[in-house]
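This report concerns only the one structure given below.
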Amino acid sequence: MTLLELQRRMAEDVRRPLTADFEMQETTDDGASVRAIAASYISPNDRLSSFERLEIYNRQYWFRLISAVSEDFPTLSALLGQHRFDSLILTYLNENPPTSWTLRDLSGKLPSFLEAHPEFTGRRQRLAVDVARLEWAYVECIRPEASHSTGNRRGASNRTGV
Amino acid sequence: MRANRFNGYTDYGVGIGLRVPHYDHILSTKPVVDWFEIISENYMVDSGRPLRILDQILDQYRVVQHGVSMYFGSAQPLNRDHLKRIKELTKRTKTPWLSDHLCWGSVDGRYTHDLLPLPYTFEAIRTTAERVRMVQDYLEIPLAVENVSSYAEYHESQMTEWDFLNEVVHTADCGILLDVNNIYVSSQNHNFDPMEYVNSIPAERVAQIHIAGHSKCEKYTLDTHDHPVLDPVWRLYARAIERCGPTATLLEWDDNIPSFEEVHGEALKANRFLLAAESQSVPTDIPQLEEVHA
C-alpha cells in the first residue's frame with residue numbers, strides 16, 4: 001500500500017458517519033466489514049482492536065467538526081432545539097465536508113443549506129434562516145478566532161466509554 | 001539547544017499559548033510573560049478582531065507561530081493559498097521560527113482537521129522531508145516539526161517513531177519541536193519506553209519543547225490539553241532539558257482553560273529545570289506534583 005493509498009483508505013474510514021450512538025459503523029455503504037478494513041492496515045494492541053483504534057479517529061473527526069459548527073450557531077441551536085440542530089449539523093457536514101485548511105470556512109454554507117432544507121426548521125424557517133445568516137455574519141466580522149487547537153476533545157472517549 | 005539555527009538563534013524562556021479567554025486579562029494587566037505561541041490558522045484572516053488583538057499582543061510581547069494545517073506528511077502537493085497566508089502572517093509576527101506537526105490530515109482536497117499519524121516508512125520519509133524543505137525554502141524562516149500523539153499504528157511501518165522523526169529532520173535539515181507529553185501519550189498507547197524516545201532525539205536540532213496535560217481513559221491515553229502537566233511528563237521534560245540544555249518551553253492548555261494565573265503558574269514550573277540546567281546541575285528528583293487523572 002503506497003502512502004497515498006493508505007491516506008485515501010483512512011480518510012474514507014475516518015469521515016464515515018457515526019451511528020446514532022456515536023460509534024463507528026460496522027459496515028460500509030456497500031456492505032463491506034469495517035472491522036476487516038481496519039484490520040487490513042491498522043495493528044491491534046493488547047487493549048484495543050484495529051477497529052477500536054480507528055474508531056478513536058472516526059469519533060474525533062465528527063466531534064471536532066460538530067463542535068466547530070455548533071460554536072458558530074448557538075442561537076440557532078437554541079431556536080431549533082438540540083435534537084433537530086444535531087440532525088441539521090450532521091446532514092450539513094455529510095453534504096459539505098471540509099475542503100479548506102481553516103475550520104473558519106466550515107460553516108459558511110449553513111444559512112443557504114438551511115434555506116434549501118425546511119425539514120429542519122418546521123414553521124420557523126424564515127426566522128431560523130435569518131438567525132443563521134446573522135450568526136454567520138458575526139463569525140465573519142467579530143468572533144475572536146476559529147476553533148483550531150492542538151488538543152483532542154475528551155468527548156472522543158467519554159461519549160462511548162471505550 | 002538554547003539558541004540554535006532551528007529557533008533563529010533566540011533564547012526564549014517559558015511561554016504559554018495565547019487563548020481567547022485570556023485576551024482581556026493580558027491586554028488590561030500586561031503580565032510579564034516570556035513569549036506567547038499562537039495557532040497560526042486562527043489569525044490567517046484578511047481583517048477583523050483576531051488581527052486587531054494580535055497586533056496589540058505584538059506591541060508588548062514576543063510571539064511564535066505554531067500551525068495545525070500544514071500536514072507535512074500528506075502525499076499530495078502543498079496548498080499554495082495556505083502557504084501564502086502563513087508567509088503574510090510571519091511578516092506580521094516576525095516569528096523567529098515556525099512549527100507544525102509531523103502528520104498528515106488532507107487528501108484529494110478534503111481536510112480531516114486532525115493530526116493523523118504517518119506510517120513509518122521510507123516513502124513517508126521522502127515525501128515528508130521534501131515537503132518540509134519546500135515550505136522552509138518558501139517561508140525563509142527556520143522550521144521545526146512536532147511529534148504528534150497517536151492512537152493507531154500501521155502494518156506498513158518499518159521503524160520506530162523516533163527513528164522516523166530523526167530520518168525526516170535529518171533529510172529535511174529542519175528542527176524539532178519536541179512534545180514530551182505527546183511522547184508519553186503515544187508510549188502508553190503503543191507500549192514503548194518514552195525515555196528511549198527522548199534519549200534518541202538529536203538534541204542539537206531541538207528548537208522548542210511542548211508540555212501539556214493528558215487524560216487516562218479505560219483502554220488508552222488521550223492528549224486532551226485540559227490538565228496540569230503530570231509527573232511522568234515532567235520526568236521526560238527533565239531528561240530532555242538535561243540533553244538539550246535550556247530550551248524554549250511552552251505549556252499547551254486548550255480545553256477547560258483556567259485563569260491566566262493558573263496556566264502561567266503551571267508553565268513556570270518548568271523554570272526549575274531550566275534554571276538548574278543553566279548552572280549545569282539538573283535536579284534528578286521531580287517536583288512533587290500530584291498526578292491528576294480524570
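Ligands are numbered from 1 in the order shown, residues from 1 within each chain, and chains are lettered A, B, ... in the order they appear in the C-alpha cells.
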
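Near chain A, counting only C-alpha atoms at 6 Å, the chain B residues are Asn42, Gly48, Arg49, Pro50, Ser69, Ala75, Gly109, Arg110, Tyr111, Ala152, Glu153, Tyr154, His155, Lys219, Asp223, Thr224 and His225 of chain B.
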
Next on the checklist: For the helix (DSSP H, G or I) assignment from backbone DSSP, which residues of range 54-251 of chain B qualify? Please present them as a PyMOL selection string.
Outcome noted: chain B and resi 54-60+80-93+122-139+161-172+180-190+194-200+203-205+231-244

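For the set A:Arg123, A:Arg84, A:Arg35, A:Arg59, the residue with the smallest atom-to-atom gap to Arg16 in chain A is A:Arg59, counting only C-alpha atoms.
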
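Considering the residues A:Glu115, A:Glu26, A:Asp130, A:Glu135 and counting only C-alpha atoms, Glu71 in chain A has its shortest atom-to-atom contact with A:Glu135.
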
Checklist entry - Which of range 237-272 of chain B counts as strand (DSSP E) under DSSP, as a PyMOL selection string please? => result chain B and resi 249-252

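Around Val168 in chain B, within 6 Å and counting only C-alpha atoms, the residues found are Ile125, Ala129, Leu165, Thr171 and Ala172 of chain B, once anything fewer than 3 positions away on its own chain is removed.
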
Produce a file of the selected residues containing N, CA and C atoms, as a PDB file, in the first residue's frame.
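Contents of selection.pdb, as written:
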```
ATOM      1  N   ILE B 125       9.129   9.104   4.683  1.00  0.00           N
ATOM      2  CA  ILE B 125      10.274   9.977   4.994  1.00  0.00           C
ATOM      3  C   ILE B 125      10.578  10.876   3.802  1.00  0.00           C
ATOM      4  N   ALA B 129       9.892  14.848   4.096  1.00  0.00           N
ATOM      5  CA  ALA B 129      11.087  15.695   4.113  1.00  0.00           C
ATOM      6  C   ALA B 129      11.091  16.652   2.927  1.00  0.00           C
ATOM      7  N   LEU B 165      11.191  10.082  12.950  1.00  0.00           N
ATOM      8  CA  LEU B 165      11.364  11.520  13.189  1.00  0.00           C
ATOM      9  C   LEU B 165      12.797  11.946  12.884  1.00  0.00           C
ATOM     10  N   THR B 171      16.914  14.429   6.865  1.00  0.00           N
ATOM     11  CA  THR B 171      16.763  14.558   5.410  1.00  0.00           C
ATOM     12  C   THR B 171      16.306  15.966   5.030  1.00  0.00           C
ATOM     13  N   ALA B 172      15.393  16.524   5.829  1.00  0.00           N
ATOM     14  CA  ALA B 172      14.874  17.861   5.520  1.00  0.00           C
ATOM     15  C   ALA B 172      15.773  18.966   6.049  1.00  0.00           C
TER      16      ALA B 172
END
```

Hey, what's within 12 Å of Ala78 in chain A if we count only C-alpha atoms and toss same-chain stuff fewer than 5 positions away? As an mmCIF file with N, CA and C atoms, in the first residue's frame, please?
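Just written: result.cif:
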```cif
data_model
loop_
_atom_site.group_PDB
_atom_site.id
_atom_site.type_symbol
_atom_site.label_atom_id
_atom_site.label_comp_id
_atom_site.auth_asym_id
_atom_site.auth_seq_id
_atom_site.Cartn_x
_atom_site.Cartn_y
_atom_site.Cartn_z
ATOM 1 N N SER A 70 -21.206 24.008 15.749
ATOM 2 C CA SER A 70 -22.104 24.364 16.851
ATOM 3 C C SER A 70 -21.687 25.679 17.510
ATOM 4 N N GLU A 71 -20.372 25.880 17.647
ATOM 5 C CA GLU A 71 -19.887 27.119 18.264
ATOM 6 C C GLU A 71 -20.264 28.347 17.438
ATOM 7 N N PHE A 73 -23.138 28.721 15.789
ATOM 8 C CA PHE A 73 -24.584 28.972 15.721
ATOM 9 C C PHE A 73 -25.295 28.652 17.050
ATOM 10 N N HIS A 83 -31.961 18.327 19.492
ATOM 11 C CA HIS A 83 -32.128 17.153 18.624
ATOM 12 C C HIS A 83 -32.181 17.560 17.150
ATOM 13 N N ARG A 84 -33.016 18.566 16.854
ATOM 14 C CA ARG A 84 -33.156 18.988 15.460
ATOM 15 C C ARG A 84 -31.868 19.661 14.963
ATOM 16 N N PHE A 85 -31.219 20.409 15.854
ATOM 17 C CA PHE A 85 -29.966 21.076 15.473
ATOM 18 C C PHE A 85 -28.879 20.041 15.157
ATOM 19 N N ASP A 86 -28.777 19.016 16.018
ATOM 20 C CA ASP A 86 -27.777 17.963 15.771
ATOM 21 C C ASP A 86 -28.016 17.292 14.433
ATOM 22 N N THR A 121 -36.437 22.985 10.076
ATOM 23 C CA THR A 121 -36.879 24.166 10.817
ATOM 24 C C THR A 121 -38.375 24.184 11.092
ATOM 25 N N ALA A 128 -35.386 31.020 11.369
ATOM 26 C CA ALA A 128 -34.162 30.220 11.509
ATOM 27 C C ALA A 128 -33.100 30.642 10.489
ATOM 28 N N VAL A 131 -31.638 33.978 11.536
ATOM 29 C CA VAL A 131 -30.728 33.803 12.673
ATOM 30 C C VAL A 131 -29.393 33.219 12.194
ATOM 31 N N ALA A 132 -29.480 32.225 11.320
ATOM 32 C CA ALA A 132 -28.251 31.598 10.798
ATOM 33 C C ALA A 132 -27.396 32.620 10.055
#
```

For Leu102 in chain B, please output as an mmCIF file with N, CA and C atoms, in the first residue's frame all residues within 12 Å (counting only C-alpha atoms; exclusion window: fewer than 4 positions along the same chain).
```
data_model
loop_
_atom_site.group_PDB
_atom_site.id
_atom_site.type_symbol
_atom_site.label_atom_id
_atom_site.label_comp_id
_atom_site.auth_asym_id
_atom_site.auth_seq_id
_atom_site.Cartn_x
_atom_site.Cartn_y
_atom_site.Cartn_z
ATOM 1 N N GLY B 67 1.574 25.990 13.751
ATOM 2 C CA GLY B 67 0.486 25.682 12.826
ATOM 3 C C GLY B 67 -0.139 24.318 13.063
ATOM 4 N N VAL B 68 -1.347 24.140 12.532
ATOM 5 C CA VAL B 68 -2.041 22.861 12.684
ATOM 6 C C VAL B 68 -2.544 22.302 11.356
ATOM 7 N N SER B 69 -2.313 22.999 10.251
ATOM 8 C CA SER B 69 -2.912 22.552 8.982
ATOM 9 C C SER B 69 -1.911 22.358 7.852
ATOM 10 N N MET B 70 -0.622 22.347 8.159
ATOM 11 C CA MET B 70 0.354 22.186 7.084
ATOM 12 C C MET B 70 0.364 20.753 6.561
ATOM 13 N N TYR B 71 0.175 19.806 7.467
ATOM 14 C CA TYR B 71 0.140 18.381 7.103
ATOM 15 C C TYR B 71 1.354 18.006 6.249
ATOM 16 N N PHE B 72 2.524 18.124 6.851
ATOM 17 C CA PHE B 72 3.771 17.835 6.137
ATOM 18 C C PHE B 72 3.767 16.445 5.507
ATOM 19 N N GLY B 73 3.036 15.509 6.106
ATOM 20 C CA GLY B 73 3.088 14.134 5.608
ATOM 21 C C GLY B 73 2.016 13.768 4.605
ATOM 22 N N SER B 74 1.164 14.706 4.235
ATOM 23 C CA SER B 74 0.156 14.384 3.219
ATOM 24 C C SER B 74 0.854 14.116 1.892
ATOM 25 N N ASP B 114 -7.555 16.895 11.616
ATOM 26 C CA ASP B 114 -6.982 16.091 12.686
ATOM 27 C C ASP B 114 -5.498 15.890 12.371
ATOM 28 N N LEU B 115 -4.727 15.534 13.388
ATOM 29 C CA LEU B 115 -3.292 15.299 13.221
ATOM 30 C C LEU B 115 -3.092 13.796 13.131
ATOM 31 N N LEU B 116 -3.234 13.245 11.939
ATOM 32 C CA LEU B 116 -3.253 11.791 11.769
ATOM 33 C C LEU B 116 -1.822 11.248 11.669
ATOM 34 N N PRO B 117 -1.563 10.117 12.309
ATOM 35 C CA PRO B 117 -0.189 9.582 12.305
ATOM 36 C C PRO B 117 0.212 9.060 10.929
ATOM 37 N N LEU B 118 1.513 9.136 10.678
ATOM 38 C CA LEU B 118 2.061 8.628 9.417
ATOM 39 C C LEU B 118 2.526 7.191 9.590
ATOM 40 N N PRO B 119 2.541 6.427 8.516
ATOM 41 C CA PRO B 119 3.226 5.135 8.581
ATOM 42 C C PRO B 119 4.724 5.415 8.583
ATOM 43 N N TYR B 120 5.476 4.690 9.386
ATOM 44 C CA TYR B 120 6.908 4.956 9.494
ATOM 45 C C TYR B 120 7.640 4.165 8.422
ATOM 46 N N ALA B 124 7.343 7.542 3.243
ATOM 47 C CA ALA B 124 6.817 8.669 4.027
ATOM 48 C C ALA B 124 7.941 9.626 4.419
ATOM 49 N N ILE B 125 9.129 9.104 4.683
ATOM 50 C CA ILE B 125 10.274 9.977 4.994
ATOM 51 C C ILE B 125 10.578 10.876 3.802
ATOM 52 N N THR B 127 8.679 11.704 1.193
ATOM 53 C CA THR B 127 7.579 12.634 0.902
ATOM 54 C C THR B 127 7.550 13.778 1.911
ATOM 55 N N THR B 128 7.627 13.427 3.187
ATOM 56 C CA THR B 128 7.514 14.434 4.242
ATOM 57 C C THR B 128 8.701 15.392 4.218
ATOM 58 N N ALA B 129 9.892 14.848 4.096
ATOM 59 C CA ALA B 129 11.087 15.695 4.113
ATOM 60 C C ALA B 129 11.091 16.652 2.927
ATOM 61 N N ARG B 131 8.486 17.914 1.442
ATOM 62 C CA ARG B 131 7.509 18.981 1.709
ATOM 63 C C ARG B 131 8.032 19.960 2.771
ATOM 64 N N VAL B 132 8.696 19.447 3.775
ATOM 65 C CA VAL B 132 9.268 20.338 4.799
ATOM 66 C C VAL B 132 10.282 21.275 4.153
ATOM 67 N N LEU B 143 12.199 26.030 10.345
ATOM 68 C CA LEU B 143 11.016 25.207 10.626
ATOM 69 C C LEU B 143 11.352 24.141 11.659
ATOM 70 N N ALA B 144 10.380 23.873 12.527
ATOM 71 C CA ALA B 144 10.512 22.759 13.471
ATOM 72 C C ALA B 144 9.278 21.869 13.332
ATOM 73 N N VAL B 145 9.490 20.564 13.246
ATOM 74 C CA VAL B 145 8.353 19.640 13.154
ATOM 75 C C VAL B 145 8.107 19.007 14.522
ATOM 76 N N GLU B 146 6.828 18.893 14.852
ATOM 77 C CA GLU B 146 6.443 18.376 16.167
ATOM 78 C C GLU B 146 5.950 16.932 16.068
ATOM 79 N N ASN B 147 6.447 16.102 16.953
ATOM 80 C CA ASN B 147 5.932 14.736 17.078
ATOM 81 C C ASN B 147 4.506 14.786 17.618
ATOM 82 N N VAL B 148 3.596 14.007 17.041
ATOM 83 C CA VAL B 148 2.192 14.034 17.484
ATOM 84 C C VAL B 148 1.905 12.866 18.418
ATOM 85 N N SER B 149 0.836 13.000 19.187
ATOM 86 C CA SER B 149 0.344 11.852 19.949
ATOM 87 C C SER B 149 -0.490 11.000 18.995
ATOM 88 N N SER B 150 -0.526 9.687 19.239
ATOM 89 C CA SER B 150 -1.274 8.838 18.303
ATOM 90 C C SER B 150 -1.942 7.683 19.019
ATOM 91 N N GLU B 161 8.923 5.211 15.857
ATOM 92 C CA GLU B 161 8.545 6.611 15.607
ATOM 93 C C GLU B 161 9.755 7.530 15.716
ATOM 94 N N TRP B 162 10.617 7.273 16.715
ATOM 95 C CA TRP B 162 11.755 8.184 16.881
ATOM 96 C C TRP B 162 12.772 8.022 15.745
ATOM 97 N N PHE B 164 11.922 7.333 12.719
ATOM 98 C CA PHE B 164 11.250 8.043 11.624
ATOM 99 C C PHE B 164 11.444 9.554 11.749
ATOM 100 N N LEU B 165 11.191 10.082 12.950
ATOM 101 C CA LEU B 165 11.364 11.520 13.189
ATOM 102 C C LEU B 165 12.797 11.946 12.884
ATOM 103 N N ASN B 166 13.754 11.155 13.374
ATOM 104 C CA ASN B 166 15.155 11.506 13.160
ATOM 105 C C ASN B 166 15.524 11.517 11.680
ATOM 106 N N GLU B 167 15.000 10.549 10.933
ATOM 107 C CA GLU B 167 15.287 10.487 9.493
ATOM 108 C C GLU B 167 14.675 11.680 8.762
ATOM 109 N N VAL B 168 13.458 12.048 9.140
ATOM 110 C CA VAL B 168 12.788 13.174 8.478
ATOM 111 C C VAL B 168 13.562 14.470 8.718
ATOM 112 N N VAL B 169 13.909 14.749 9.979
ATOM 113 C CA VAL B 169 14.559 16.037 10.262
ATOM 114 C C VAL B 169 15.976 16.080 9.691
ATOM 115 N N CYS B 174 15.789 20.176 9.186
ATOM 116 C CA CYS B 174 14.928 21.095 9.935
ATOM 117 C C CYS B 174 15.045 20.803 11.432
ATOM 118 N N GLY B 175 14.379 21.607 12.220
ATOM 119 C CA GLY B 175 14.409 21.450 13.663
ATOM 120 C C GLY B 175 13.289 20.553 14.165
ATOM 121 N N ILE B 176 13.309 20.376 15.500
ATOM 122 C CA ILE B 176 12.293 19.547 16.163
ATOM 123 C C ILE B 176 11.596 20.375 17.226
ATOM 124 N N LEU B 177 10.274 20.325 17.222
ATOM 125 C CA LEU B 177 9.508 20.794 18.375
ATOM 126 C C LEU B 177 9.181 19.519 19.143
ATOM 127 N N LEU B 178 9.905 19.324 20.218
ATOM 128 C CA LEU B 178 9.767 18.068 20.959
ATOM 129 C C LEU B 178 8.621 18.201 21.962
ATOM 130 N N ASP B 179 7.540 17.463 21.717
ATOM 131 C CA ASP B 179 6.409 17.476 22.647
ATOM 132 C C ASP B 179 6.530 16.256 23.562
ATOM 133 N N ASN B 182 3.253 14.428 24.219
ATOM 134 C CA ASN B 182 2.865 13.540 23.114
ATOM 135 C C ASN B 182 3.661 12.234 23.153
#
```

Checklist entry - Residues at most 10 Å from Ile201 in chain B, counting only C-alpha atoms, excluding those fewer than 2 positions away in the same chain, as number ranges by chain? => result B: 162-163, 165-166, 176, 178, 196-199, 203-206, 240, 243-244

Next, dump the selected residues to file, keeping only C-alpha atoms, as a tab-separated table (two decimals), in the first residue's frame.
```tsv
chain	number	residue	atom	x	y	z
B	162	TRP	CA	11.76	8.18	16.88
B	163	ASP	CA	13.81	6.65	14.06
B	165	LEU	CA	11.36	11.52	13.19
B	166	ASN	CA	15.16	11.51	13.16
B	176	ILE	CA	12.29	19.55	16.16
B	178	LEU	CA	9.77	18.07	20.96
B	196	GLU	CA	14.22	5.70	24.97
B	197	TYR	CA	12.43	8.11	22.62
B	198	VAL	CA	13.79	11.21	24.43
B	199	ASN	CA	17.27	9.70	24.55
B	203	ALA	CA	19.49	17.28	20.86
B	204	GLU	CA	21.19	19.79	18.60
B	205	ARG	CA	18.04	20.01	16.46
B	206	VAL	CA	15.54	20.73	19.25
B	240	ALA	CA	15.04	16.50	27.56
B	243	ARG	CA	20.16	16.54	26.99
B	244	CYS	CA	19.28	19.75	25.13
```

Checklist outcome for this item: Pairwise distance, CA of Leu58 in chain B with CA of Glu261 in chain B, equals 20.1 Å

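Between CA of Phe113 in chain A and CA of Tyr92 in chain A there is a distance of 7.2 Å.
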